[in-house]
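Here is work.cif, consisting of mmCIF, C-alpha atoms:
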data_work
#
loop_
_atom_site.label_atom_id
_atom_site.label_comp_id
_atom_site.auth_asym_id
_atom_site.auth_seq_id
_atom_site.Cartn_x
_atom_site.Cartn_y
_atom_site.Cartn_z
CA MET F 224 58.50 23.86 -4.75
CA ARG F 225 59.70 20.31 -5.10
CA TYR F 226 60.18 17.20 -3.01
CA LEU F 227 62.10 13.95 -3.05
CA THR F 228 61.46 10.71 -1.19
CA ALA F 229 63.81 7.87 -0.30
CA GLY F 230 63.54 4.52 1.43
CA GLU F 231 62.38 0.95 0.89
CA THR F 232 59.26 -0.90 1.97
CA HIS F 233 61.18 -3.09 4.46
CA GLY F 234 63.97 -0.61 5.20
CA PRO F 235 64.28 1.35 8.44
CA GLN F 236 62.33 4.40 7.29
CA LEU F 237 60.90 6.53 4.53
CA THR F 238 62.34 10.02 4.17
CA ALA F 239 60.96 13.05 2.36
CA ILE F 240 62.46 16.48 1.83
CA ILE F 241 60.30 19.44 0.79
CA GLU F 242 62.11 22.40 -0.71
CA GLY F 243 60.55 25.80 -1.32
CA MET F 244 57.82 25.81 1.33
CA PRO F 245 57.47 29.43 2.52
CA SER F 246 58.17 30.50 6.06
CA ASN F 247 55.65 31.02 8.86
CA LEU F 248 53.31 28.21 7.86
CA LYS F 249 51.82 26.85 11.07
CA ILE F 250 52.44 23.10 11.09
CA ASN F 251 49.85 20.92 12.78
CA PHE F 252 51.81 17.76 13.60
CA GLU F 253 48.72 15.83 14.71
CA GLU F 254 47.04 16.58 11.39
CA ILE F 255 49.98 15.19 9.40
CA ASN F 256 49.80 11.97 11.40
CA ARG F 257 46.03 11.83 11.04
CA GLU F 258 46.45 11.91 7.26
CA LEU F 259 49.00 9.08 7.47
CA GLN F 260 46.57 7.05 9.56
CA ARG F 261 43.81 7.66 6.99
CA ARG F 262 46.06 6.08 4.35
CA GLN F 263 46.40 2.95 6.48
CA LYS F 264 42.65 2.43 6.77
CA GLY F 265 40.21 0.94 4.31
CA TYR F 266 38.53 -2.41 3.89
CA GLY F 267 40.72 -4.93 2.08
CA ARG F 268 44.09 -3.91 3.50
CA GLY F 269 46.59 -6.64 4.38
CA ARG F 270 48.49 -7.58 7.52
CA ARG F 271 51.20 -4.96 6.97
CA MET F 272 48.81 -2.24 8.12
CA GLN F 273 48.37 -4.10 11.42
CA ILE F 274 52.11 -3.76 11.99
CA GLU F 275 52.69 -0.17 10.92
CA LYS F 276 51.45 2.77 12.99
CA ASP F 277 52.57 5.53 10.69
CA ALA F 278 53.66 8.84 12.18
CA ALA F 279 55.89 11.52 10.70
CA ASN F 280 58.84 12.91 12.58
CA ILE F 281 59.92 16.33 11.30
CA VAL F 282 63.70 16.64 11.59
CA GLY F 283 64.35 19.88 9.73
CA GLY F 284 62.80 23.10 8.45
CA VAL F 285 60.33 23.64 11.30
CA ARG F 286 60.95 25.54 14.53
CA HIS F 287 58.49 26.31 17.29
CA GLY F 288 55.60 25.03 15.21
CA LYS F 289 56.25 27.05 12.05
CA SER F 290 58.15 26.48 8.83
CA THR F 291 61.34 28.51 8.57
CA GLY F 292 61.69 28.60 4.77
CA ALA F 293 64.45 25.97 4.92
CA PRO F 294 63.89 22.47 3.47
CA ILE F 295 61.42 20.48 5.56
CA ALA F 296 62.62 16.94 6.28
CA LEU F 297 60.13 14.27 7.33
CA VAL F 298 60.80 10.71 8.48
CA VAL F 299 58.25 7.90 8.67
CA GLU F 300 59.63 4.85 10.45
CA ASN F 301 58.89 1.32 9.23
CA LYS F 302 57.96 -0.76 12.27
CA ASP F 303 58.31 -3.92 10.16
CA TRP F 304 62.03 -3.16 9.80
CA THR F 305 62.72 -5.18 12.95
CA HIS F 306 61.85 -8.37 11.00
CA TRP F 307 64.08 -7.42 8.04
CA THR F 308 67.25 -6.06 9.63
CA THR F 309 69.42 -8.81 8.17
CA VAL F 310 67.74 -9.08 4.77
CA MET F 311 67.76 -5.30 4.22
CA ASN F 312 71.06 -4.50 5.92
CA ILE F 313 73.22 -2.00 4.01
CA GLU F 314 76.34 -4.05 4.84
CA PRO F 315 77.28 -7.15 2.79
CA ILE F 316 75.95 -10.38 4.30
CA GLU F 317 76.80 -14.02 3.76
CA GLY F 318 74.20 -16.70 3.41
CA SER F 319 71.96 -18.57 1.03
CA ASP F 320 69.41 -17.04 -1.34
CA GLU F 321 66.73 -18.14 1.08
CA GLU F 322 68.43 -16.33 3.98
CA LYS F 323 68.75 -13.20 1.85
CA ARG F 324 65.12 -13.56 0.73
CA ARG F 325 66.34 -13.26 -2.84
CA VAL F 326 63.59 -12.83 -5.44
CA HIS F 327 64.26 -14.48 -8.80
CA ARG F 328 60.72 -15.12 -10.03
CA PRO F 329 59.27 -11.79 -11.24
CA ARG F 330 55.62 -11.06 -10.55
CA PRO F 331 53.47 -10.03 -13.51
CA GLY F 332 52.20 -6.46 -13.21
CA HIS F 333 55.06 -5.35 -10.96
CA ALA F 334 58.30 -3.52 -11.70
CA ASP F 335 60.31 -6.69 -10.89
CA LEU F 336 61.44 -7.86 -14.31
CA ASN F 337 61.69 -4.48 -16.02
CA GLY F 338 63.68 -3.07 -13.12
CA GLY F 339 65.93 -6.14 -12.95
CA LEU F 340 66.73 -5.87 -16.63
CA LYS F 341 67.22 -2.09 -16.52
CA TYR F 342 69.47 -2.00 -13.44
CA ASN F 343 71.08 -5.41 -14.01
CA HIS F 344 69.89 -6.84 -10.69
CA LYS F 345 69.92 -10.59 -10.22
CA ASP F 346 68.00 -10.16 -6.97
CA LEU F 347 64.69 -8.57 -7.87
CA ARG F 348 64.16 -7.55 -4.26
CA ASN F 349 66.34 -4.55 -5.11
CA VAL F 350 63.52 -3.42 -7.39
CA LEU F 351 60.38 -4.39 -5.50
CA GLU F 352 61.55 -2.82 -2.25
CA ARG F 353 61.49 0.65 -3.78
CA SER F 354 58.66 0.19 -6.28
CA SER F 355 56.31 -0.87 -3.47
CA ALA F 356 53.31 1.35 -2.72
CA ARG F 357 54.72 1.74 0.77
CA GLU F 358 56.50 4.78 -0.72
CA THR F 359 53.15 6.57 -0.86
CA ALA F 360 53.30 7.02 2.93
CA ALA F 361 56.06 9.57 2.33
CA ARG F 362 54.00 11.25 -0.38
CA VAL F 363 51.01 11.51 1.96
CA ALA F 364 53.23 13.15 4.58
CA VAL F 365 54.37 15.68 1.97
CA GLY F 366 50.82 16.22 0.76
CA ALA F 367 49.63 16.74 4.33
CA VAL F 368 51.96 19.73 4.59
CA ALA F 369 50.67 20.96 1.23
CA LYS F 370 47.08 20.63 2.48
CA GLN F 371 47.90 22.83 5.45
CA PHE F 372 49.46 25.38 3.11
CA LEU F 373 46.33 25.40 0.92
CA ALA F 374 44.06 25.67 3.96
CA GLU F 375 45.76 28.98 4.83
CA PHE F 376 44.04 30.39 1.76
CA GLY F 377 40.66 28.70 2.15
CA ILE F 378 41.29 25.74 -0.18
CA LYS F 379 39.80 22.40 0.90
CA VAL F 380 40.58 18.93 -0.50
CA ALA F 381 38.33 15.86 -0.26
CA GLY F 382 38.25 12.38 -1.78
CA GLN F 383 35.83 9.52 -2.27
CA VAL F 384 35.63 6.09 -3.84
CA ILE F 385 33.41 5.87 -6.91
CA ARG F 386 33.81 2.21 -7.86
CA ILE F 387 35.35 -0.98 -6.49
CA GLY F 388 35.36 -3.74 -9.07
CA GLU F 389 31.86 -4.33 -10.37
CA VAL F 390 30.17 -2.14 -7.70
CA GLU F 391 29.61 1.55 -8.44
CA ALA F 392 28.53 4.07 -5.80
CA GLN F 393 25.95 6.77 -6.34
CA VAL F 394 27.65 10.18 -6.24
CA GLU F 395 25.84 12.81 -4.19
CA ASN F 396 26.54 16.53 -4.47
CA LEU F 397 27.32 17.09 -0.78
CA PRO F 398 29.01 20.19 0.66
CA ILE F 399 32.72 19.42 0.88
CA ASP F 400 32.83 19.38 4.70
CA GLU F 401 29.94 16.93 4.76
CA LEU F 402 31.62 14.78 2.10
CA ILE F 403 34.79 14.63 4.21
CA ARG F 404 32.83 13.66 7.32
CA VAL F 405 30.70 10.95 5.70
CA THR F 406 33.49 9.28 3.72
CA GLU F 407 35.71 9.24 6.79
CA GLU F 408 33.12 7.09 8.55
CA SER F 409 32.97 4.58 5.68
CA PRO F 410 35.42 1.64 5.54
CA VAL F 411 35.43 1.97 1.73
CA ARG F 412 35.18 5.80 1.65
CA VAL F 413 31.80 6.09 -0.04
CA VAL F 414 28.67 8.12 0.70
CA ASP F 415 26.31 5.48 -0.72
CA LYS F 416 25.60 3.03 2.14
CA GLU F 417 23.98 0.46 -0.12
CA ALA F 418 27.05 0.43 -2.35
CA GLU F 419 29.25 0.27 0.75
CA ALA F 420 27.76 -3.07 1.82
CA LYS F 421 28.04 -4.46 -1.71
CA MET F 422 31.68 -3.33 -1.98
CA ILE F 423 32.63 -5.02 1.28
CA ALA F 424 30.98 -8.25 0.18
CA HIS F 425 32.69 -8.01 -3.21
CA ILE F 426 36.11 -7.54 -1.59
CA ASP F 427 35.49 -10.54 0.69
CA GLN F 428 34.59 -12.73 -2.26
CA VAL F 429 37.61 -11.62 -4.30
CA LYS F 430 39.94 -12.27 -1.35
CA LYS F 431 38.42 -15.70 -0.78
CA GLU F 432 39.21 -16.54 -4.40
CA GLY F 433 42.86 -15.46 -3.94
CA ASP F 434 42.40 -12.54 -6.29
CA SER F 435 42.51 -8.73 -6.07
CA ILE F 436 40.31 -5.87 -7.19
CA GLY F 437 40.78 -2.26 -8.30
CA GLY F 438 38.48 0.71 -8.71
CA ILE F 439 37.96 4.40 -9.37
CA VAL F 440 38.52 7.24 -6.91
CA GLU F 441 37.65 10.92 -7.07
CA CYS F 442 39.28 14.03 -5.63
CA ILE F 443 37.38 17.31 -5.22
CA VAL F 444 39.00 20.67 -4.39
CA GLU F 445 37.06 23.81 -3.50
CA GLY F 446 38.19 27.40 -2.99
CA VAL F 447 40.79 27.44 -5.78
CA PRO F 448 41.18 30.89 -7.35
CA ILE F 449 40.79 31.47 -11.08
CA GLY F 450 44.01 31.37 -13.07
CA LEU F 451 46.28 28.72 -11.56
CA GLY F 452 48.27 27.05 -14.33
CA SER F 453 48.73 28.50 -17.81
CA HIS F 454 47.83 27.98 -21.46
CA VAL F 455 51.16 29.20 -22.86
CA GLN F 456 53.23 25.99 -22.69
CA TRP F 457 52.33 22.30 -22.55
CA ASP F 458 54.12 21.72 -19.25
CA ARG F 459 52.43 24.66 -17.52
CA LYS F 460 48.90 23.33 -17.98
CA LEU F 461 47.81 22.48 -14.46
CA ASP F 462 45.29 19.82 -15.42
CA GLY F 463 48.09 18.03 -17.30
CA ARG F 464 50.39 18.22 -14.29
CA ILE F 465 47.68 16.86 -12.03
CA ALA F 466 47.02 14.00 -14.46
CA GLN F 467 50.73 13.10 -14.46
CA ALA F 468 50.81 13.15 -10.65
CA VAL F 469 47.73 10.92 -10.41
CA VAL F 470 49.06 8.34 -12.87
CA SER F 471 52.37 8.33 -10.95
CA ILE F 472 50.58 6.73 -7.98
CA ASN F 473 51.37 3.03 -7.75
CA ALA F 474 48.87 0.90 -9.76
CA PHE F 475 47.05 3.92 -11.26
CA LYS F 476 46.49 3.52 -14.99
CA GLY F 477 44.33 6.50 -15.96
CA CYS F 478 43.07 9.94 -15.01
CA GLU F 479 40.15 12.10 -16.09
CA ILE F 480 39.16 15.68 -15.31
CA GLY F 481 35.46 16.49 -14.88
CA ILE F 482 33.34 14.22 -17.07
CA GLY F 483 36.56 12.98 -18.69
CA PHE F 484 36.16 10.19 -21.22
CA GLU F 485 32.41 10.72 -21.36
CA ALA F 486 33.14 13.90 -23.33
CA GLY F 487 34.20 11.74 -26.27
CA SER F 488 30.72 10.30 -26.72
CA ILE F 489 28.43 13.33 -26.38
CA ARG F 490 27.94 16.65 -28.19
CA GLY F 491 29.72 19.90 -27.45
CA SER F 492 26.53 21.51 -26.18
CA GLU F 493 26.46 18.81 -23.49
CA VAL F 494 30.11 19.24 -22.55
CA HIS F 495 31.06 22.91 -22.24
CA ASP F 496 30.15 25.02 -19.22
CA GLU F 497 28.22 28.20 -20.00
CA ILE F 498 29.59 31.43 -18.50
CA LEU F 499 27.48 33.53 -16.12
CA TYR F 500 28.07 36.76 -14.22
CA THR F 501 26.51 38.16 -11.05
CA PRO F 502 27.84 40.98 -8.85
CA ASP F 503 28.15 38.71 -5.80
CA LYS F 504 29.82 35.73 -7.51
CA GLY F 505 31.53 37.46 -10.43
CA TYR F 506 32.24 35.25 -13.43
CA HIS F 507 31.24 31.62 -12.91
CA ARG F 508 29.95 28.60 -14.79
CA LYS F 509 26.43 27.26 -15.03
CA THR F 510 27.75 23.68 -14.82
CA ASN F 511 31.10 22.08 -14.02
CA ARG F 512 31.46 19.33 -16.61
CA LEU F 513 35.08 20.33 -17.32
CA GLY F 514 36.05 19.78 -13.69
CA GLY F 515 37.27 23.29 -12.91
CA PHE F 516 39.66 23.67 -15.85
CA GLU F 517 39.67 25.46 -19.19
CA GLY F 518 42.80 25.93 -21.27
CA GLY F 519 45.01 24.33 -18.64
CA MET F 520 43.93 26.93 -16.05
CA THR F 521 41.56 26.83 -13.11
CA ASN F 522 38.27 28.64 -13.78
CA GLY F 523 37.10 29.06 -10.19
CA GLU F 524 34.77 26.05 -10.15
CA PRO F 525 35.56 23.04 -7.93
CA ILE F 526 38.33 20.85 -9.31
CA VAL F 527 37.11 17.31 -9.96
CA VAL F 528 39.69 14.62 -10.75
CA ARG F 529 39.20 10.88 -11.08
CA GLY F 530 41.82 8.16 -11.17
CA VAL F 531 41.55 4.47 -11.98
CA MET F 532 43.54 1.94 -9.96
CA LYS F 533 44.18 -1.49 -11.40
CA PRO F 534 43.88 -4.56 -9.17
CA ILE F 535 47.03 -5.13 -7.13
CA PRO F 536 49.15 -7.65 -9.09
CA THR F 537 50.37 -9.64 -6.08
CA LEU F 538 47.90 -12.50 -5.96
CA TYR F 539 47.53 -15.43 -3.61
CA LYS F 540 46.79 -17.55 -6.65
CA PRO F 541 49.96 -16.49 -8.49
CA LEU F 542 50.10 -15.88 -12.23
CA ALA F 543 52.58 -17.60 -14.53
CA SER F 544 56.11 -16.23 -14.71
CA VAL F 545 59.64 -17.28 -15.66
CA ASP F 546 62.53 -17.95 -13.28
CA ILE F 547 65.37 -15.60 -14.24
CA ASP F 548 67.94 -18.22 -13.16
CA THR F 549 66.69 -21.26 -15.05
CA LYS F 550 64.41 -19.54 -17.62
CA GLU F 551 61.86 -22.22 -16.73
CA PRO F 552 58.18 -21.38 -16.18
CA PHE F 553 57.04 -21.03 -12.59
CA THR F 554 54.25 -19.35 -10.71
CA ALA F 555 55.30 -15.93 -9.46
CA GLN F 556 56.55 -15.56 -5.90
CA VAL F 557 54.00 -14.16 -3.47
CA GLU F 558 54.81 -11.11 -1.38
CA ARG F 559 52.44 -9.97 1.38
CA SER F 560 49.79 -7.72 -0.13
CA ASP F 561 46.28 -6.26 0.02
CA SER F 562 43.26 -7.70 -1.75
CA CYS F 563 41.94 -4.16 -2.29
CA ALA F 564 43.70 -0.85 -1.62
CA VAL F 565 41.24 1.45 -3.41
CA PRO F 566 40.07 3.32 -0.26
CA ALA F 567 43.71 3.98 0.70
CA ALA F 568 44.45 5.04 -2.88
CA SER F 569 41.72 7.67 -2.56
CA VAL F 570 43.66 9.21 0.32
CA VAL F 571 46.93 9.10 -1.61
CA MET F 572 45.31 10.84 -4.60
CA GLU F 573 44.05 13.66 -2.39
CA HIS F 574 47.62 14.35 -1.35
CA VAL F 575 49.31 14.25 -4.75
CA VAL F 576 46.62 16.61 -6.10
CA ALA F 577 47.10 18.91 -3.08
CA TRP F 578 50.82 19.05 -3.78
CA GLU F 579 50.36 20.06 -7.43
CA LEU F 580 47.91 22.79 -6.42
CA ALA F 581 50.28 24.08 -3.74
CA CYS F 582 53.06 24.29 -6.34
CA ALA F 583 50.78 26.12 -8.78
CA LEU F 584 49.70 28.55 -6.06
CA MET F 585 53.33 29.33 -5.28
CA GLU F 586 54.14 29.83 -8.96
CA LYS F 587 51.24 32.21 -9.42
CA PHE F 588 51.65 34.32 -6.29
CA GLY F 589 55.29 33.86 -5.24
CA GLY F 590 56.66 35.04 -1.93
CA ASP F 591 58.95 33.65 0.72
CA SER F 592 56.54 33.91 3.65
CA ILE F 593 52.87 33.16 4.23
CA GLU F 594 52.28 36.86 4.87
CA GLU F 595 53.76 37.88 1.51
CA ILE F 596 51.77 35.26 -0.38
CA ARG F 597 48.53 36.30 1.33
CA LYS F 598 49.13 39.93 0.34
CA ASN F 599 49.76 38.89 -3.28
CA ILE F 600 46.61 36.74 -3.37
CA ASN F 601 44.45 39.52 -1.89
CA ASN F 602 45.75 41.99 -4.49
CA TYR F 603 44.93 39.50 -7.26
CA LEU F 604 41.42 38.84 -5.93
CA GLU F 605 40.78 42.59 -5.88
CA GLN F 606 41.95 42.73 -9.49
CA LEU F 607 39.48 39.99 -10.40
CA GLU F 608 36.63 41.90 -8.72
CA ARG F 609 37.43 44.98 -10.79
CA TYR F 610 37.58 43.06 -14.10
#
Same coordinates, now as structure tokens:
Amino acid sequence: MRYLTAGETHGPQLTAIIEGMPSNLKINFEEINRELQRRQKGYGRGRRMQIEKDAANIVGGVRHGKSTGAPIALVVENKDWTHWTTVMNIEPIEGSDEEKRRVHRPRPGHADLNGGLKYNHKDLRNVLERSSARETAARVAVGAVAKQFLAEFGIKVAGQVIRIGEVEAQVENLPIDELIRVTEESPVRVVDKEAEAKMIAHIDQVKKEGDSIGGIVECIVEGVPIGLGSHVQWDRKLDGRIAQAVVSINAFKGCEIGIGFEAGSIRGSEVHDEILYTPDKGYHRKTNRLGGFEGGMTNGEPIVVRGVMKPIPTLYKPLASVDIDTKEPFTAQVERSDSCAVPAASVVMEHVVAWELACALMEKFGGDSIEEIRKNINNYLEQLERY
């Protein structure tokens, strides 16, 4: 399976096309839109989220509530487009730089300058419009379809915030359904109520100072069968593919699986998960320090992935930059932004991880319809029981 997205942050819409989704998947339209609304929530979001009321309109590949096997096309309209129809018009327009909202002072930490140099744009808006994290709305829509595909086979995906700035939340080993419920009730998507209050206060203080703050988010997946991914080639290792997908999220600068970087500071006896066997559970691990992966393949334990998001670089106390027209120093231009988008980033990470798992499931079990895939999975699970 694969997908592509198109569209700009202030354009008329975001578009996504999913290719390779099997037929007869029941599509819950309300659930897709609920996932989009989850992305818009979270303490620290800016005014843009008060304008947008994201909802996906499926315009291809679904008939009478089920996928047909044809490419699925989704559209998410940008409500803010009404304020940008002239600036973002596809037709040539006359007017001053101010009327065109031309950007010529690149913002540190953004794609502005690199993209302008690479694509030879003298108006850096051509870069920032596409590099904006608004694009992740399309990725969440795609991931919401992937989540429904995974749910057909008993796979559940959850996410939570671990850290915002200097405040770290206590992680509790809750059942996944309980984790989903509790984090959904939290404005910063944490289980730890004491940390929640501290995080909110921390975000308020950072915003007051005209600054921004990042954090660490975690995705947990349960119900994944043993053997997704492969050890035979570097690009078939599923943990590597998930890490690439996580770091592809706007502002993400790192990923770890299981205990991650901690493994570099402790002994092997404290890292590796001992293998057990019982007739009811089959082969399983005593612990899950490796986050559900060994040798690039799932081992049947819950998948645990963490990603680190840097502070958003658009600041209300702008950093120093250089005007590309005059080459003189200036403070960077300010575009509307969030002071903290870590809770929303947690939702985005859930969906990019879900997509990679859906792809791996399709690669392992094949099939053009849900019924065929289910038959293949059941045969494989019987094989595992006999091993």
Would you write out, as a PyMOL selection string, every residue that the PyMOL selection byres ((chain F and resi 356) around 10) captures in this file?
chain F and resi 231-232+351-355+357-360+472-474+564+568
Can you spell out as an NGL selection string the set of residues that the PyMOL selection byres ((chain F and resi 575) around 9) selects in the structure I just provided?
:F and (362-363 or 365-366 or 465 or 468-469 or 472 or 571-574 or 576-580)
Tell me, in Å to one decimal, how far atom CA of F:Leu297 is from atom CA of F:Leu227.
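Value for the atom CA of F:Leu297-atom CA of F:Leu227 distance: 10.6 Å.
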Quick one: of F:Asn522, F:Ser569, F:Thr309, F:Asn247, who's nearest to F:Ala381, counting only C-alpha atoms?
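Closest to F:Ala381, using only C-alpha atoms: F:Ser569.
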With all atoms listed in the file counted, which protein, DNA or RNA residues have an atom no more than 10 Å from (64.2, 24.8, 4.4) in the file frame? Please answer as a PyMOL selection string.
chain F and resi 240-246+283-285+290-296
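Between atom CA of F:Glu493 and atom CA of F:Thr510 the interatomic distance comes to 10.0 Å.
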Run through the PyMOL selection byres ((chain F and resi 604) around 12) on the given coordinates and return the selected residues as a list of chain:residue names.
F:Phe376, F:Val447, F:Pro448, F:Ile449, F:Gly450, F:Gly505, F:Gly523, F:Phe588, F:Arg597, F:Lys598, F:Asn599, F:Ile600, F:Asn601, F:Asn602, F:Tyr603, F:Glu605, F:Gln606, F:Leu607, F:Glu608, F:Arg609, F:Tyr610
With 7 Å as the threshold, what does the neighbourhood of (44.7, -14.2, -4.6) contain in terms of residues, counting all atoms listed in the file? Coordinates are those of the file; answer as a PyMOL selection string.
chain F and resi 430+432-435+538-541
Can you spit out the residues from that selection as a CSV table (one decimal), keeping the file's coordinate frame, using C-alpha atoms?
chain,number,residue,atom,x,y,z
F,430,LYS,CA,39.9,-12.3,-1.4
F,432,GLU,CA,39.2,-16.5,-4.4
F,433,GLY,CA,42.9,-15.5,-3.9
F,434,ASP,CA,42.4,-12.5,-6.3
F,435,SER,CA,42.5,-8.7,-6.1
F,538,LEU,CA,47.9,-12.5,-6.0
F,539,TYR,CA,47.5,-15.4,-3.6
F,540,LYS,CA,46.8,-17.6,-6.6
F,541,PRO,CA,50.0,-16.5,-8.5
Non-local contacts of stretch 382-389 of chain F (8 Å; only C-alpha atoms; under 5 positions in same chain excluded) as a list in words
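So the residues in contact are Val394, Ile403, Thr406, Val411, Arg412, Val413, Val414, Met422, His425, Ile436, Gly437, Gly438, Ile439, Val440, Glu441, Cys442, Ile443, Val565, Pro566, Ser569, Val570, Met572 and Glu573 of chain F.
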Any idea what's packed within 8 Å of stretch 328-344 of chain F, counting only C-alpha atoms, ignoring anything in its chain fewer than 6 positions away? Could you give it as a ChimeraX atom specification?
/F:350-351,354,536-537,542-547,553-557
To one decimal place, how far is atom CA of F:Ser488 from atom CA of F:Asn511 in Å?
17.3 Å
Contacts of F:Asp496 at 12 Å (only C-alpha atoms; same-chain gap of 2+ positions) as a list of chain:residue names:
F:Gly481, F:Ile482, F:Gly491, F:Ser492, F:Glu493, F:Val494, F:Ile498, F:Leu499, F:Tyr506, F:His507, F:Arg508, F:Lys509, F:Thr510, F:Asn511, F:Arg512, F:Leu513, F:Gly514, F:Gly515, F:Phe516, F:Glu517, F:Asn522, F:Glu524
Which residue, F:Ala418, F:Arg490, F:Asp548, F:Ala361, has the smallest gap to F:Val390 when you use only C-alpha atoms?
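Closest to F:Val390 of all the choices is F:Ala418.
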Need the shell around F:Glu479: protein/DNA/RNA residues with any atom at most 9 Å away, counting only C-alpha atoms. Skip same-chain ones fewer than 2 positions apart. Format as a list in words?
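Here the qualifying residues turn out to be Ala466, Gly477, Gly481, Ile482, Gly483, Phe484, Val527, Val528, Arg529, Gly530 and Val531 of chain F.
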